[in-house]
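J.: Next up, final_1.txt (compact mmCIF, C-alpha atoms).
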```txt
# COMPACT_ATOMS: atom_id res chain seq x y z
CA MET A 1 167.95 83.20 74.75
CA LEU A 2 166.92 86.72 73.75
CA PHE A 3 163.93 85.32 71.87
CA HIS A 4 162.82 83.46 75.00
CA LYS A 5 163.18 86.63 77.12
CA ILE A 6 161.03 88.63 74.67
CA LYS A 7 158.43 85.88 74.56
CA SER A 8 158.34 85.68 78.37
CA LYS A 9 157.90 89.46 78.67
CA LYS A 10 155.08 89.38 76.09
CA GLY A 11 153.36 86.58 78.04
CA GLN A 12 153.69 88.47 81.30
CA GLY A 13 152.16 91.57 79.71
CA ALA A 14 149.15 89.64 78.42
CA GLU A 15 148.66 87.96 81.79
CA THR A 16 148.82 91.32 83.59
CA MET A 17 146.23 92.74 81.20
CA THR A 18 143.93 89.78 81.92
CA TRP A 19 144.18 90.43 85.64
CA ILE A 20 143.60 94.16 85.24
CA VAL A 21 140.47 93.51 83.15
CA ALA A 22 139.30 90.88 85.68
CA THR A 23 139.81 93.38 88.52
CA ILE A 24 137.85 96.07 86.70
CA ILE A 25 135.00 93.61 86.05
CA ILE A 26 134.96 92.55 89.72
CA LEU A 27 134.89 96.22 90.84
CA ILE A 28 132.05 97.05 88.41
CA ILE A 29 130.00 94.03 89.60
CA THR A 30 130.63 95.05 93.23
CA PHE A 31 129.52 98.63 92.49
CA LEU A 32 126.35 97.43 90.74
CA PHE A 33 125.63 95.07 93.64
CA LEU A 34 125.88 97.94 96.13
CA LEU A 35 123.79 100.22 93.91
CA ALA A 36 121.04 97.60 93.57
CA THR A 37 121.04 97.01 97.34
CA SER A 38 120.77 100.73 97.98
CA LEU A 39 117.82 101.08 95.57
CA LEU A 40 116.07 98.01 96.96
CA SER A 41 116.49 99.24 100.53
CA LYS A 42 114.50 102.38 99.66
CA GLU A 43 111.59 100.21 98.49
CA LYS A 44 111.25 98.40 101.79
CA ARG A 45 107.60 98.75 102.58
CA VAL A 46 104.81 96.54 103.79
CA SER A 47 101.77 97.11 101.65
CA SER A 48 98.66 95.29 100.66
CA SER A 49 95.55 96.26 98.72
CA PHE A 50 92.19 96.48 100.38
CA GLY A 51 90.74 93.01 100.56
CA GLU A 52 93.99 91.13 100.11
CA THR A 53 95.16 88.75 102.75
CA GLY A 54 97.84 90.79 104.38
CA ILE A 55 100.36 90.10 107.09
CA PHE A 56 97.67 90.63 109.70
CA GLY A 57 95.48 87.74 108.56
CA ALA A 58 92.54 87.04 106.34
CA GLU A 59 90.24 89.68 107.85
CA TYR A 60 92.59 92.49 106.98
CA SER A 61 90.98 95.21 104.84
CA SER A 62 87.95 93.21 103.74
CA VAL A 63 85.77 94.78 106.41
CA ALA A 64 84.49 97.54 104.12
CA THR A 65 83.27 95.11 101.44
CA GLN A 66 81.79 92.85 104.10
CA GLN A 67 79.77 95.74 105.51
CA MET A 68 78.69 96.76 102.00
CA LEU A 69 77.50 93.20 101.34
CA PHE A 70 75.47 93.24 104.56
CA SER A 71 73.94 96.61 103.64
CA PHE A 72 73.21 95.32 100.12
CA LEU A 73 71.43 92.24 101.46
CA SER A 74 69.39 94.41 103.85
CA PHE A 75 68.32 96.75 101.04
CA LYS A 76 64.52 96.67 100.82
CA HIS A 77 62.33 96.75 97.76
CA SER A 78 60.25 99.96 97.77
CA SER A 79 56.83 98.35 97.17
CA SER A 80 57.08 94.87 98.70
CA GLY A 81 59.18 95.98 101.68
CA LYS A 82 61.24 92.79 101.46
CA ASP A 83 65.00 92.87 101.57
CA LEU A 84 67.34 90.89 99.31
CA LYS A 85 68.15 88.36 102.01
CA THR A 86 64.47 87.54 102.48
CA LEU A 87 63.94 87.31 98.72
CA ILE A 88 66.82 84.81 98.44
CA GLN A 89 65.36 82.79 101.32
CA GLU A 90 61.89 82.86 99.73
CA LYS A 91 63.38 81.98 96.32
CA ASP A 92 61.60 84.93 94.71
CA TYR A 93 64.31 85.26 92.08
CA ASN A 94 62.50 87.66 89.75
CA LEU A 95 61.99 90.27 92.45
CA MET A 96 65.48 89.54 93.80
CA ARG A 97 66.97 90.46 90.42
CA LYS A 98 64.97 93.69 90.34
CA VAL A 99 66.07 94.73 93.84
CA ALA A 100 69.71 93.76 93.21
CA GLU A 101 69.78 95.77 89.95
CA GLU A 102 68.31 98.77 91.76
CA GLY A 103 70.93 98.45 94.53
CA ILE A 104 73.83 98.08 92.10
CA ALA A 105 72.58 101.16 90.20
CA LYS A 106 72.53 103.15 93.45
CA PHE A 107 76.13 102.06 94.14
CA LYS A 108 77.11 103.11 90.61
CA GLU A 109 75.51 106.55 91.04
CA GLN A 110 77.96 107.17 93.89
CA GLY A 111 80.95 105.93 91.88
CA ILE A 112 81.18 102.48 93.44
CA ILE A 113 81.28 99.78 90.75
CA CYS A 114 80.31 96.32 92.02
CA ASN A 115 79.38 92.87 90.76
CA PHE A 116 76.75 90.81 92.54
CA PHE A 117 76.25 87.10 92.17
CA VAL A 118 73.97 84.56 93.78
CA LYS A 119 75.05 80.98 93.30
CA ASP A 120 73.58 77.66 94.26
CA PRO A 121 76.55 75.39 95.04
CA THR A 122 74.35 72.27 95.11
CA LYS A 123 73.24 72.85 91.52
CA GLY A 124 76.60 74.34 90.51
CA GLY A 125 75.07 77.29 88.67
CA SER A 126 74.40 80.99 89.06
CA ILE A 127 70.92 82.13 90.06
CA LEU A 128 71.80 85.78 89.55
CA LYS A 129 74.73 87.32 87.71
CA LEU A 130 75.12 91.11 87.69
CA ASN A 131 78.56 91.62 86.22
CA ASN A 132 79.75 95.22 85.81
CA GLY A 133 83.36 94.25 85.18
CA ALA A 134 84.52 95.15 88.67
CA SER A 135 87.58 93.37 89.94
CA GLY A 136 88.70 93.89 93.47
CA THR A 137 87.66 92.99 96.96
CA LYS A 138 85.26 90.07 97.08
CA ARG A 139 83.15 88.93 100.02
CA GLU A 140 80.59 86.17 100.22
CA VAL A 141 77.91 85.00 102.60
CA PHE A 142 75.73 81.87 102.64
CA ILE A 143 71.95 82.29 102.91
CA ASP A 144 69.99 79.02 103.12
CA GLY A 145 72.65 77.20 101.12
CA LYS A 146 72.85 79.95 98.45
CA GLU A 147 76.07 81.89 98.10
CA ALA A 148 75.72 85.68 97.74
CA ILE A 149 78.90 87.35 96.48
CA LEU A 150 79.68 91.06 96.24
CA GLU A 151 82.81 92.18 94.42
CA CYS A 152 83.67 95.88 94.35
CA GLU A 153 86.40 97.90 92.70
CA GLU A 154 88.84 99.86 94.82
CA MET B 155 167.44 79.87 88.16
CA LYS B 156 166.41 83.38 87.20
CA TYR B 157 163.08 82.05 85.94
CA ARG B 158 162.35 80.27 89.27
CA ILE B 159 162.93 83.50 91.27
CA ASN B 160 160.48 85.39 88.97
CA LYS B 161 157.84 82.70 89.44
CA LYS B 162 158.04 83.02 93.24
CA ALA B 163 157.66 86.79 92.97
CA ASP B 164 154.67 86.32 90.69
CA GLU B 165 153.03 83.97 93.17
CA ARG B 166 153.58 86.43 96.02
CA LEU B 167 152.09 89.24 93.94
CA LEU B 168 149.13 87.05 93.00
CA SER B 169 148.51 86.12 96.65
CA PHE B 170 148.53 89.82 97.53
CA TYR B 171 146.09 90.49 94.70
CA TRP B 172 143.78 87.70 95.90
CA ILE B 173 143.80 89.08 99.44
CA ILE B 174 142.86 92.56 98.15
CA MET B 175 140.04 91.08 96.02
CA PHE B 176 138.81 89.04 98.98
CA VAL B 177 138.76 92.17 101.17
CA ILE B 178 136.92 94.21 98.49
CA VAL B 179 134.25 91.53 97.99
CA THR B 180 133.84 91.01 101.77
CA VAL B 181 133.49 94.77 102.38
CA ALA B 182 130.94 94.98 99.53
CA VAL B 183 128.81 92.12 100.87
CA VAL B 184 128.91 93.44 104.46
CA SER B 185 128.10 96.99 103.26
CA ALA B 186 125.18 95.73 101.16
CA VAL B 187 123.71 93.82 104.09
CA LEU B 188 124.16 96.85 106.38
CA ILE B 189 122.56 99.22 103.83
CA PHE B 190 119.57 96.92 103.40
CA VAL B 191 119.04 96.07 107.07
CA SER B 192 119.56 99.61 108.38
CA SER B 193 116.95 101.22 106.09
CA PRO B 194 113.52 101.28 107.76
CA PHE B 195 110.47 99.28 106.71
CA ASP B 196 107.69 101.64 105.61
CA ILE B 197 104.47 100.22 107.04
CA ARG B 198 102.45 103.44 106.81
CA GLU B 199 100.32 102.20 103.89
CA THR B 200 99.24 99.17 105.90
CA GLU B 201 98.79 101.32 108.99
CA SER B 202 96.50 103.77 107.16
CA LYS B 203 94.39 100.92 105.73
CA LEU B 204 94.06 99.35 109.16
CA LEU B 205 92.88 102.72 110.47
CA VAL B 206 90.22 102.82 107.71
CA ASP B 207 89.16 99.28 108.69
CA SER B 208 88.83 100.40 112.30
CA LEU B 209 86.64 103.32 111.17
CA VAL B 210 84.42 100.96 109.14
CA LYS B 211 83.99 98.65 112.14
CA CYS B 212 83.25 101.66 114.28
CA ILE B 213 80.55 103.31 112.16
CA SER B 214 78.64 100.29 110.90
CA GLU B 215 76.94 97.23 112.26
CA ASN B 216 75.62 94.60 109.87
CA GLY B 217 75.78 97.11 107.03
CA VAL B 218 73.76 99.75 108.86
CA LEU B 219 75.19 103.13 109.79
CA LYS B 220 75.27 103.65 113.53
CA GLU B 221 73.14 106.70 114.19
CA ASN B 222 74.83 107.50 117.48
CA PHE B 223 77.56 109.24 115.51
CA VAL B 224 75.49 112.37 115.28
CA ASN B 225 76.83 115.29 117.35
CA LEU B 226 80.12 113.64 118.19
CA SER B 227 83.04 115.90 118.98
CA ASN B 228 86.44 115.19 117.42
CA GLU B 229 87.77 113.84 120.71
CA GLY B 230 84.65 111.75 120.82
CA LEU B 231 85.52 110.07 117.50
CA GLU B 232 88.89 108.94 118.78
CA ARG B 233 87.38 107.61 121.98
CA LYS B 234 84.27 106.18 120.34
CA CYS B 235 86.26 104.24 117.74
CA ASN B 236 88.82 103.12 120.31
CA LEU B 237 91.67 104.68 118.36
CA ASN B 238 94.99 105.81 119.69
CA LEU B 239 96.22 108.60 117.44
CA LYS B 240 99.28 109.29 119.54
CA ASP B 241 102.62 108.19 118.14
CA ASN B 242 104.34 106.59 121.09
CA THR B 243 107.69 106.21 119.34
CA TYR B 244 108.51 109.91 119.93
CA TYR B 245 110.41 109.97 116.65
CA GLY B 246 110.54 113.28 114.81
CA GLU B 247 107.80 115.82 115.34
CA GLU B 248 105.21 116.02 118.09
CA SER B 249 103.60 112.69 118.85
CA ASN B 250 100.02 113.94 118.55
CA LYS B 251 100.46 115.31 115.01
CA GLN B 252 101.27 112.08 113.17
CA TYR B 253 97.77 110.82 112.29
CA PHE B 254 94.53 112.06 110.79
CA VAL B 255 91.22 110.22 110.43
CA ALA B 256 87.93 111.47 109.03
CA ILE B 257 84.44 110.14 108.40
CA ARG B 258 82.17 112.05 106.01
CA PHE B 259 78.56 111.34 105.14
CA LYS B 260 75.41 113.36 104.46
CA GLU B 261 77.42 116.62 104.57
CA LYS B 262 78.61 115.78 108.06
CA GLU B 263 82.23 115.39 109.00
CA TYR B 264 83.83 113.79 112.01
CA SER B 265 87.58 113.97 112.17
CA SER B 266 90.41 113.64 114.59
CA GLY B 267 94.15 114.20 114.54
CA ASN B 268 96.31 116.56 112.50
CA SER B 269 93.96 118.00 109.83
CA ASN B 270 96.91 119.52 107.90
CA LEU B 271 97.91 116.05 106.72
CA GLU B 272 94.92 115.58 104.42
CA ALA B 273 95.96 118.40 102.12
CA LEU B 274 99.23 116.58 101.50
CA CYS B 275 97.49 113.36 100.48
CA GLU B 276 96.81 114.38 96.89
CA GLY B 277 99.45 113.16 94.50
CA ALA B 278 101.15 111.22 97.25
CA GLU B 279 102.39 108.61 94.77
CA GLN B 280 104.56 111.11 92.95
CA LYS B 281 106.16 112.64 96.02
CA GLU B 282 108.37 111.33 98.74
CA ASN B 283 108.59 112.28 102.39
CA ILE B 284 104.92 113.15 102.73
CA PRO B 285 102.12 111.36 104.60
CA VAL B 286 100.69 108.09 103.31
CA CYS B 287 96.90 108.15 103.00
CA ALA B 288 94.10 105.66 102.55
CA ASN B 289 90.71 106.67 101.15
CA LYS B 290 87.73 104.39 101.08
CA LYS B 291 84.17 104.97 99.89
CA ILE B 292 81.52 102.62 101.19
CA MET B 293 77.75 102.38 100.93
CA LEU B 294 75.79 101.73 104.12
CA LEU B 295 72.12 101.82 104.98
CA ASP B 296 70.77 104.51 107.25
CA SER B 297 67.95 104.04 109.76
CA ARG B 298 65.35 104.68 106.99
CA GLY B 299 66.80 101.91 104.83
CA GLU B 300 68.32 104.30 102.27
CA PHE B 301 71.85 103.94 100.96
CA VAL B 302 74.33 106.51 102.28
CA LEU B 303 77.75 107.12 100.81
CA VAL B 304 80.40 107.23 103.53
CA ASN B 305 83.88 108.58 102.84
CA LEU B 306 86.66 107.39 105.09
CA VAL B 307 90.10 108.94 105.19
CA ALA B 308 93.18 107.99 107.19
CA ALA B 309 96.58 109.67 106.89
CA VAL B 310 99.81 108.64 108.57
CA ARG B 311 102.73 111.07 108.65
CA LYS B 312 105.75 109.65 110.50
CA THR B 313 108.04 110.69 107.66
CA GLU B 314 111.11 111.02 109.88
CA LYS B 315 110.78 107.42 110.90
CA ASN B 316 109.83 105.86 107.57
CA ALA B 317 110.73 107.96 104.56
CA ILE B 318 113.57 110.41 105.18
CA SER B 319 116.86 108.58 105.03
```
Translate this file's structure into structure tokens.
T.:
Amino acid sequence: MLFHKIKSKKGQGAETMTWIVATIIILIITFLFLLATSLLSKEKRVSSSFGETGIFGAEYSSVATQQMLFSFLSFKHSSSGKDLKTLIQEKDYNLMRKVAEEGIAKFKEQGIICNFFVKDPTKGGSILKLNNGASGTKREVFIDGKEAILECEE
Amino acid sequence: MKYRINKKADERLLSFYWIIMFVIVTVAVVSAVLIFVSSPFDIRETESKLLVDSLVKCISENGVLKENFVNLSNEGLERKCNLNLKDNTYYGEESNKQYFVAIRFKEKEYSSGNSNLEALCEGAEQKENIPVCANKKIMLLDSRGEFVLVNLVAAVRKTEKNAIS
């Protein structure tokens, strides 16, 4: 009888300990949950890099690169007086390369690193590839079936 | 008999414990949702970039710098670019001191808004509760066909509304 009583008391003690530990674990998890929520709530911000498709649609923040591409294509060769767009249309690829390299160098002088590509989707290859390792906003325009792409770093 | 009475007491105690646990977990979940929902969304970064986009659209057309920017007054920039630099939420400080925009090229500067904000832009990533700024450098052609570097700056303050909790 006495043995049973002792055994029962021992069992009750172990069970109580289990519940106390369980309670402590539940309280710790609850505290961590609240802490994480509090930290996450401070990071609530809507942000997007220039050129990314943001919450306001595809046009968002790519305007600057688009305008730079237009200015690049309108850049005229000093001696011939022809701009890049005309050279692409006339398929004068040697002069086009020269003008594009000059334009990219002028961009670089001002701290703007850009890549410029001209592709012919029908032939599936690149006509011009000026890769300066820039990765960022990219804009493209089609000129007589050729795709001119300007990609500039932020 | 004695054992059966103890078991009933145990069950009552356990029920009480479960109710307390249920209340604690419910309060925690409700508090977490309230904490998360009540904190404001900071959209100033997006707002400043949209302001820069508006400036780009305003100063250039097909990659060419609009020459009619010369001799613009600061009020003229706001009107010319169709910007509204007044904070209509009336949250925190004066509504006309929450924004700053500037266009710089060829040693010329056209700006509008609270010019004190720009000085706070540097090192903005490391500090809290200061304006959020967007800087953009672009190359445009002038009327002579030469490339011109244009610097665009937009700063949005509104710290009371977005940052200070």
J.: With 8 Å as the cut-off and only C-alpha atoms counted, what is the closest atom pair between each nearby residue of chain A and chain B? Distances in Å to one decimal, ordered by chain and number, as JSON lines.
T.:
```
{"residue": "A:Thr23", "atom": "CA", "partner": "B:Met175", "partner_atom": "CA", "distance": 7.8}
{"residue": "A:Thr30", "atom": "CA", "partner": "B:Ala182", "partner_atom": "CA", "distance": 6.3}
{"residue": "A:Phe33", "atom": "CA", "partner": "B:Ala186", "partner_atom": "CA", "distance": 7.6}
{"residue": "A:Leu34", "atom": "CA", "partner": "B:Ala186", "partner_atom": "CA", "distance": 5.5}
{"residue": "A:Thr37", "atom": "CA", "partner": "B:Ala186", "partner_atom": "CA", "distance": 5.8}
{"residue": "A:Ser38", "atom": "CA", "partner": "B:Ile189", "partner_atom": "CA", "distance": 6.3}
{"residue": "A:Leu40", "atom": "CA", "partner": "B:Phe190", "partner_atom": "CA", "distance": 7.4}
{"residue": "A:Ser41", "atom": "CA", "partner": "B:Phe190", "partner_atom": "CA", "distance": 4.8}
{"residue": "A:Lys42", "atom": "CA", "partner": "B:Ser193", "partner_atom": "CA", "distance": 7.0}
{"residue": "A:Lys44", "atom": "CA", "partner": "B:Phe195", "partner_atom": "CA", "distance": 5.1}
{"residue": "A:Arg45", "atom": "CA", "partner": "B:Asp196", "partner_atom": "CA", "distance": 4.2}
{"residue": "A:Val46", "atom": "CA", "partner": "B:Ile197", "partner_atom": "CA", "distance": 4.9}
{"residue": "A:Ser47", "atom": "CA", "partner": "B:Thr200", "partner_atom": "CA", "distance": 5.4}
{"residue": "A:Ser48", "atom": "CA", "partner": "B:Thr200", "partner_atom": "CA", "distance": 6.5}
{"residue": "A:Phe50", "atom": "CA", "partner": "B:Lys203", "partner_atom": "CA", "distance": 7.3}
{"residue": "A:Tyr60", "atom": "CA", "partner": "B:Leu204", "partner_atom": "CA", "distance": 7.3}
{"residue": "A:Ser61", "atom": "CA", "partner": "B:Asp207", "partner_atom": "CA", "distance": 5.9}
{"residue": "A:Ser62", "atom": "CA", "partner": "B:Asp207", "partner_atom": "CA", "distance": 7.9}
{"residue": "A:Val63", "atom": "CA", "partner": "B:Asp207", "partner_atom": "CA", "distance": 6.1}
{"residue": "A:Ala64", "atom": "CA", "partner": "B:Val210", "partner_atom": "CA", "distance": 6.1}
{"residue": "A:Thr65", "atom": "CA", "partner": "B:Ile292", "partner_atom": "CA", "distance": 7.7}
{"residue": "A:Gln66", "atom": "CA", "partner": "B:Gly217", "partner_atom": "CA", "distance": 7.9}
{"residue": "A:Gln67", "atom": "CA", "partner": "B:Gly217", "partner_atom": "CA", "distance": 4.5}
{"residue": "A:Met68", "atom": "CA", "partner": "B:Met293", "partner_atom": "CA", "distance": 5.8}
{"residue": "A:Leu69", "atom": "CA", "partner": "B:Gly217", "partner_atom": "CA", "distance": 7.1}
{"residue": "A:Phe70", "atom": "CA", "partner": "B:Gly217", "partner_atom": "CA", "distance": 4.6}
{"residue": "A:Ser71", "atom": "CA", "partner": "B:Gly217", "partner_atom": "CA", "distance": 3.9}
{"residue": "A:Phe72", "atom": "CA", "partner": "B:Gly217", "partner_atom": "CA", "distance": 7.6}
{"residue": "A:Ser74", "atom": "CA", "partner": "B:Gly217", "partner_atom": "CA", "distance": 7.6}
{"residue": "A:Phe75", "atom": "CA", "partner": "B:Gly299", "partner_atom": "CA", "distance": 6.6}
{"residue": "A:Lys76", "atom": "CA", "partner": "B:Gly299", "partner_atom": "CA", "distance": 7.0}
{"residue": "A:Lys106", "atom": "CA", "partner": "B:Phe301", "partner_atom": "CA", "distance": 7.6}
{"residue": "A:Phe107", "atom": "CA", "partner": "B:Met293", "partner_atom": "CA", "distance": 7.0}
{"residue": "A:Gln110", "atom": "CA", "partner": "B:Leu303", "partner_atom": "CA", "distance": 6.9}
{"residue": "A:Ile112", "atom": "CA", "partner": "B:Lys291", "partner_atom": "CA", "distance": 7.5}
{"residue": "A:Glu154", "atom": "CA", "partner": "B:Lys290", "partner_atom": "CA", "distance": 7.8}
```
J.: Kindly save the residues from that selection, with C-alpha atoms included, as a short mmCIF file (atom, residue, chain, number, x, y, z; two decimals), keeping the file's coordinate frame.
T.:
```cif
data_model
loop_
_atom_site.label_atom_id
_atom_site.label_comp_id
_atom_site.auth_asym_id
_atom_site.auth_seq_id
_atom_site.Cartn_x
_atom_site.Cartn_y
_atom_site.Cartn_z
CA THR A 23 139.81 93.38 88.52
CA THR A 30 130.63 95.05 93.23
CA PHE A 33 125.63 95.07 93.64
CA LEU A 34 125.88 97.94 96.13
CA THR A 37 121.04 97.01 97.34
CA SER A 38 120.77 100.73 97.98
CA LEU A 40 116.07 98.01 96.96
CA SER A 41 116.49 99.24 100.53
CA LYS A 42 114.50 102.38 99.66
CA LYS A 44 111.25 98.40 101.79
CA ARG A 45 107.60 98.75 102.58
CA VAL A 46 104.81 96.54 103.79
CA SER A 47 101.77 97.11 101.65
CA SER A 48 98.66 95.29 100.66
CA PHE A 50 92.19 96.48 100.38
CA TYR A 60 92.59 92.49 106.98
CA SER A 61 90.98 95.21 104.84
CA SER A 62 87.95 93.21 103.74
CA VAL A 63 85.77 94.78 106.41
CA ALA A 64 84.49 97.54 104.12
CA THR A 65 83.27 95.11 101.44
CA GLN A 66 81.79 92.85 104.10
CA GLN A 67 79.77 95.74 105.51
CA MET A 68 78.69 96.76 102.00
CA LEU A 69 77.50 93.20 101.34
CA PHE A 70 75.47 93.24 104.56
CA SER A 71 73.94 96.61 103.64
CA PHE A 72 73.21 95.32 100.12
CA SER A 74 69.39 94.41 103.85
CA PHE A 75 68.32 96.75 101.04
CA LYS A 76 64.52 96.67 100.82
CA LYS A 106 72.53 103.15 93.45
CA PHE A 107 76.13 102.06 94.14
CA GLN A 110 77.96 107.17 93.89
CA ILE A 112 81.18 102.48 93.44
CA GLU A 154 88.84 99.86 94.82
#
```
J.: I'd like the contact shell of A:Asn94 - 12 Å cut-off, all atoms listed in the file, skipping same-chain residues fewer than 6 positions apart - returned as a VMD selection string.
T.: chain A and resid 84 87 to 88 100 to 101 127 to 128
J.: How many Å lie between atom CA of A:Phe116 and atom CA of A:Ser135, rounded to one decimal?
T.: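 For atom CA of A:Phe116 relative to atom CA of A:Ser135, the distance reads 11.4 Å.
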J.: Between B:Asn222, B:Ser202, B:Asn305, B:Ser269, which residue has the minimum interatomic distance to B:Lys234, considering all atoms listed in the file?
T.: B:Asn222
J.: Hey, can you check how far atom CA of B:Ala308 sits from atom CA of B:Arg233?
T.: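 A separation of 15.9 Å between them.
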J.: One decimal, Å: what's the distance from atom CA of B:Ser265 over to atom CA of A:Gly136, could you say?
T.: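 That distance, rounded to one decimal, is 27.5 Å.
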J.: Given 5 Å of margin on each side, can you work out the centre and size in Å (one decimal) of an axis-aligned box holding every listed atom of stretch 68-84 of chain A, as lines of an AutoDock Vina configuration file?
T.:
```
center_x = 67.8
center_y = 95.4
center_z = 100.9
size_x = 31.9
size_y = 19.1
size_z = 17.4
```
J.: List the neighbours of A:Ala148 out to 6 Å using all atoms listed in the file; skip same-chain residues closer than 6 positions along the sequence, and give me the result as number ranges by chain.
T.: A: 117-118, 140-141
